[in-house]
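Below is one structure, written out as structure tokens; comments come after it.
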Amino acid sequence: MDFPGLFNYWVVMVLMMIGLYIVISDRNLVKKIVGLNIFQVSVFVFYITMGKVDGGTAPIIGEGIEVYSNPLPHVLILTAIVVGIATTALALALLVRIQDEFGSVDEDAIQKLESRQ
Amino acid sequence: MISAQLPILQVLLPLLAAPLCAILRGRALPHALSVGTVLLSLLVTVGLLIRVESTGTISYAIGGWPPPIGIEYRVDQLSVIVLLIIQGVAAAVLVGGGASIVREIEATRAPLFYALFLLNLTGLTGMVLTGDLFNLFVFLEISSLSTYVLVALGTDRRALLAAYQYLVIGTVGATFYVIGVGLLYMMTGTLNMADLADRVAGVEESTTIRTAFAFMIIGIGVKLGMMPVHFWLPNAYARAPSVVSAFLAATSTKVAVYIMLRVVFEIFGVPMFLATHLSEIIIGLGILAMVVASVTAIFQDDVKRLLAYSSLAQIGYILFAFGLATEPGVTASVLHLFNHGLMKGALFLALAAVALRAGRTRRTDLDGLGQAMPLTMLGFTLAGLSLIGVPGTVGFISKWYLLEAAFDRDGFIIAAIILGSSLLAILYVWPLVERAYFRKRDPALPPVEEAPLPMLIGIWLLVGANLLFGVWPDLATGLAERSALLLLGGAR
């Protein structure tokens, strides 16, 4: 395959690494969740790319439609998107509670608060 | 008629009871409903056990769509032994945990707590039953999301941080798993495990399959608390509500090990496991966990945290035996998975009773409890002995099989490490027992009394199982041996 054929996969890898790096390195707990989202989105793009067939259309039975994309990965990733939203919502709810209890969403500040006790 | 529907009932019972619990008010009704549900689920598991033992592997096509197009539920000896531990511990913990839940969970949140507990049970059960990789991911997320909330419900405000940490690392792990599934689907075009096993055989040399393998192992490794990616586990176990710790410690990592067994041996097969040197890596990580986690456990002040580190060490045993990829090794791995669930369930539930009566679970809180709570502490001591591996308990049976597996591969040094790690277990269990029986409780502290009767029943059900399967191990060892045969000789 030539370069454009793999373009999506390069984007997936770049997004994945950016997301993972933010999750690991950022000290702000909200930004970590942003990183986690970027990481998950890269996987969504990966699945969507996987199901695409060159020149294929939507998988509908109709006149003139012969080549169509594989719908299964797309359906799977709908489920994963829902799971991702649930995870993000839960993480944000947890962060609201953390902000209430500790007065900060910064990892260093919270650690300092904890070690003083 | 109904017996044909048992696999789906196993998942549906807790799944349907969960929203019912959420709309009920007060404490008594949700408690009664969830206890009823878990007891019924346990009956279903026993039904499945009997059917699997008489007719062999059950395949259930969801909605009548035959696999590999539809989603298949598969029940064999390995699923049944894991289901037994999940449902058994869930029943003991809910029957026994009522008083502890009253103390640690606010009344307004109680119905939601029960709903989440049942959802967690649904997720774990589904992961064991399903034969479809993506369906497994969905159940994994059901159980994970409910676990995060359950951990966050702990009384200490640091429970929130523990839950957050677990959420981030758990989601990364689950996403790694999905990447692996995606790569596998790219190469084979199927998600059904049995179907995958056939199709991977043709393309197993490709980089894509190897990459999928690596992603899946790391993703599942996070969930099971494999040594370098284990750091979420002690925090989560130590700060979750006591009852939740008991349930999680006994079940959630075990289900992750189960997934690892299925993925490695059924889909990828032993030759690839050996060719990629994963076998050596897993054995190494297992031994690392046995030693490092045991030593760390010795120095913990909070007993809950101590038991959490001990769990990591026990996962080390399971991983080591699993890494051998021989028949005695896999047998020992499955057997210890079951036995460790029994030990940790009993220990954590006894600790929940301590937290209920003495208020906290630091080492000093155990002082003199041998006189004040004789039945609870006797249970704790017996389960502790089982953890060490004293004859007459399940721990001994586990250690016996583990050593047999090590000698089978001429691993004399490994056998010595296993025995050494057991000695470390004495070092962290025995001081607790000594405190309970040979020290006086600080007279300045309020006096404590014996745990309430339901709690004692729960604790002693699990302790009794520790002793029963210690003197009559045939059921568990039989299931474990046949699971190993299925895994290693099955699809390929």
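Each chain of the structure tokens is named A, B, ... in the order shown, its residues numbered from 1; ligands are numbered from 1 in display order.
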Contact residues around Ile8 (chain B) with only C-alpha atoms at 10 Å, ignoring same-chain residues under 2 positions, as a list of chain:residue names: B:Ala4, B:Gln5, B:Leu6, B:Gln10, B:Val11, B:Leu12, B:Leu13, B:Val44, B:Tyr60, B:Ala61, B:Ile62, B:Tyr73, B:Gly126, B:Leu129, B:Thr130
Could you list, with a cut-off of 7 Å and counting only C-alpha atoms, the residues of chain A near chain B, each shown with its nearest atom pair and the distance in Å rounded to one decimal, rows sorted by chain and ascending number, as CSV?
residue,atom,partner,partner_atom,distance
A:Gln40,CA,B:Thr175,CA,6.8
A:Val43,CA,B:Ile179,CA,6.5
A:Tyr47,CA,B:Gly182,CA,6.5
A:Met50,CA,B:Met186,CA,6.8
A:Thr87,CA,B:Leu145,CA,6.9
A:Ala91,CA,B:Tyr164,CA,6.7
A:Leu94,CA,B:Leu160,CA,6.6
A:Ile98,CA,B:Leu160,CA,6.4
A:Glu101,CA,B:Arg157,CA,6.9
Produce a file of the selected residues containing C-alpha atoms, as a short mmCIF file (atom, residue, chain, number, x, y, z; two decimals), in the first residue's frame.
data_model
loop_
_atom_site.label_atom_id
_atom_site.label_comp_id
_atom_site.auth_asym_id
_atom_site.auth_seq_id
_atom_site.Cartn_x
_atom_site.Cartn_y
_atom_site.Cartn_z
CA GLN A 40 -9.74 6.53 23.30
CA VAL A 43 -8.93 3.72 18.97
CA TYR A 47 -11.78 0.76 14.20
CA MET A 50 -10.41 -0.85 9.67
CA THR A 87 -16.13 6.70 31.79
CA ALA A 91 -14.28 10.63 36.01
CA LEU A 94 -15.20 12.01 40.79
CA ILE A 98 -12.12 15.56 44.75
CA GLU A 101 -12.82 17.42 49.51
#
Run DSSP on the backbone and tell me which residues of region 41-201 of chain B come out as helix (DSSP H, G or I); list them as an NGL selection string. :B and (41-55 or 62-64 or 77-104 or 107-129 or 133-152 or 158-188 or 193-201)
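Distance-wise, CA of Leu274 (chain B) and CA of Ile81 (chain B) end up 26.2 Å apart.
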9 Å contact set for Ala194 (chain B), only C-alpha atoms, chain neighbours under 6 positions out, as a ChimeraX atom specification: /B:68,131-132,266-267,491
Can you list, as number ranges by chain, every protein, DNA or RNA residue that comes within 12 Å of Leu385 (chain B) when you count only C-alpha atoms, leaving out same-chain residues fewer than 6 positions away? B: 343-344, 346-347, 378-379, 391-396, 422-423, 425-430, 432-433, 463, 466-467, 470
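The nearest approach to Thr122 (chain B) among the residues B:Ala236, B:Leu29, B:Leu15, B:Val200, with only C-alpha atoms taken into account, belongs to B:Leu15.
Distances from A:Ile18, A:Val82, A:Val23, A:Val30 to Asp106 (chain A) were compared using only C-alpha atoms, and the smallest one belongs to A:Val30.
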Counting only C-alpha atoms, the residue of B:Leu387, B:Ile287, B:Ala246, B:Cys21 that sits nearest Ile413 (chain B): B:Ile287
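Here CA of Ile81 (chain A) is placed at a distance of 22.6 Å from CA of Pro19 (chain B).
For region 4-113 of chain A, the set of residues given strand (DSSP E or B) by DSSP on the backbone reads Asn28, Thr57, Tyr68 and Asp106 of chain A.
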Print the selection's residues with all heavy atoms to a file, as a compact mmCIF listing (two decimals), in the first residue's frame.
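Full text of again-v8.txt as output:
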# COMPACT_ATOMS: atom_id res chain seq x y z
N ASN A 28 -2.21 17.72 36.24
CA ASN A 28 -3.58 18.19 36.45
C ASN A 28 -4.56 17.05 36.15
O ASN A 28 -4.56 16.48 35.07
CB ASN A 28 -3.83 19.39 35.53
CG ASN A 28 -5.19 20.00 35.76
OD1 ASN A 28 -6.20 19.29 35.83
ND2 ASN A 28 -5.23 21.31 35.90
N THR A 57 -19.46 1.91 -0.31
CA THR A 57 -20.46 2.83 0.25
C THR A 57 -21.05 2.23 1.52
O THR A 57 -20.54 1.25 2.05
CB THR A 57 -21.60 3.05 -0.76
OG1 THR A 57 -22.20 1.78 -0.99
CG2 THR A 57 -21.08 3.64 -2.06
N TYR A 68 -19.29 -2.43 -0.52
CA TYR A 68 -19.69 -1.67 0.66
C TYR A 68 -18.72 -1.92 1.82
O TYR A 68 -18.04 -2.95 1.87
CB TYR A 68 -21.12 -1.99 1.09
CG TYR A 68 -21.37 -3.44 1.36
CD1 TYR A 68 -21.15 -3.95 2.64
CD2 TYR A 68 -21.81 -4.30 0.36
CE1 TYR A 68 -21.36 -5.29 2.89
CE2 TYR A 68 -22.01 -5.63 0.61
CZ TYR A 68 -21.78 -6.13 1.88
OH TYR A 68 -21.97 -7.45 2.13
N ASP A 106 -5.04 19.34 41.39
CA ASP A 106 -3.66 19.19 40.98
C ASP A 106 -3.00 18.10 41.82
O ASP A 106 -3.08 18.13 43.04
CB ASP A 106 -2.92 20.53 41.16
CG ASP A 106 -1.53 20.47 40.56
OD1 ASP A 106 -1.43 20.70 39.34
OD2 ASP A 106 -0.58 20.16 41.30
Please provide the set of residues having any atom within 9 Å of Val11 (chain A), restricted to only C-alpha atoms, with same-chain residues fewer than 5 positions apart removed, written as a ChimeraX atom specification. /A:6,16,42,45-46
Could you turn the residues from that selection into a file that holds all heavy atoms, as a compact mmCIF listing (two decimals), in the first residue's frame?
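So the final result, stored in again-v3.txt, reads:
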# COMPACT_ATOMS: atom_id res chain seq x y z
N LEU A 6 -2.05 4.27 4.27
CA LEU A 6 -1.78 4.04 5.69
C LEU A 6 -1.91 5.32 6.50
O LEU A 6 -1.65 5.32 7.70
CB LEU A 6 -0.37 3.48 5.86
CG LEU A 6 -0.20 2.04 5.38
CD1 LEU A 6 1.26 1.63 5.45
CD2 LEU A 6 -1.04 1.08 6.19
N MET A 16 -2.71 8.34 19.62
CA MET A 16 -2.62 7.40 20.74
C MET A 16 -1.47 7.79 21.67
O MET A 16 -1.62 7.84 22.89
CB MET A 16 -2.39 5.99 20.18
CG MET A 16 -2.65 4.87 21.14
SD MET A 16 -2.22 3.32 20.36
CE MET A 16 -3.64 3.05 19.34
N SER A 42 -8.41 7.82 19.45
CA SER A 42 -7.51 7.20 18.47
C SER A 42 -7.96 5.78 18.17
O SER A 42 -7.89 5.33 17.03
CB SER A 42 -6.08 7.22 18.99
OG SER A 42 -5.89 6.22 19.96
N VAL A 45 -10.96 5.89 15.82
CA VAL A 45 -10.53 6.12 14.44
C VAL A 45 -9.95 4.83 13.85
O VAL A 45 -10.22 4.48 12.69
CB VAL A 45 -9.48 7.26 14.38
CG1 VAL A 45 -8.95 7.43 12.96
CG2 VAL A 45 -10.07 8.55 14.90
N PHE A 46 -9.21 4.11 14.67
CA PHE A 46 -8.61 2.85 14.22
C PHE A 46 -9.68 1.87 13.76
O PHE A 46 -9.60 1.29 12.67
CB PHE A 46 -7.77 2.28 15.37
CG PHE A 46 -7.34 0.87 15.19
CD1 PHE A 46 -6.58 0.50 14.09
CD2 PHE A 46 -7.67 -0.10 16.12
CE1 PHE A 46 -6.17 -0.80 13.92
CE2 PHE A 46 -7.26 -1.40 15.95
CZ PHE A 46 -6.52 -1.76 14.85
Write out as a PyMOL selection string the residues lying within 7 Å of Ser100 (chain B), counting only C-alpha atoms and excluding same-chain residues fewer than 5 positions away. chain B and resi 243+352+356
Polymer residues at most 9 Å from Gln314 (chain B), only C-alpha atoms, same-chain spacing of 3 or more positions, as number ranges by chain: B: 286, 289-290, 293-294, 309-311, 317-319, 336-337, 340, 387
Å distance separating CA of Val229 (chain B) from CA of Ile85 (chain A), one decimal place: 24.5 Å
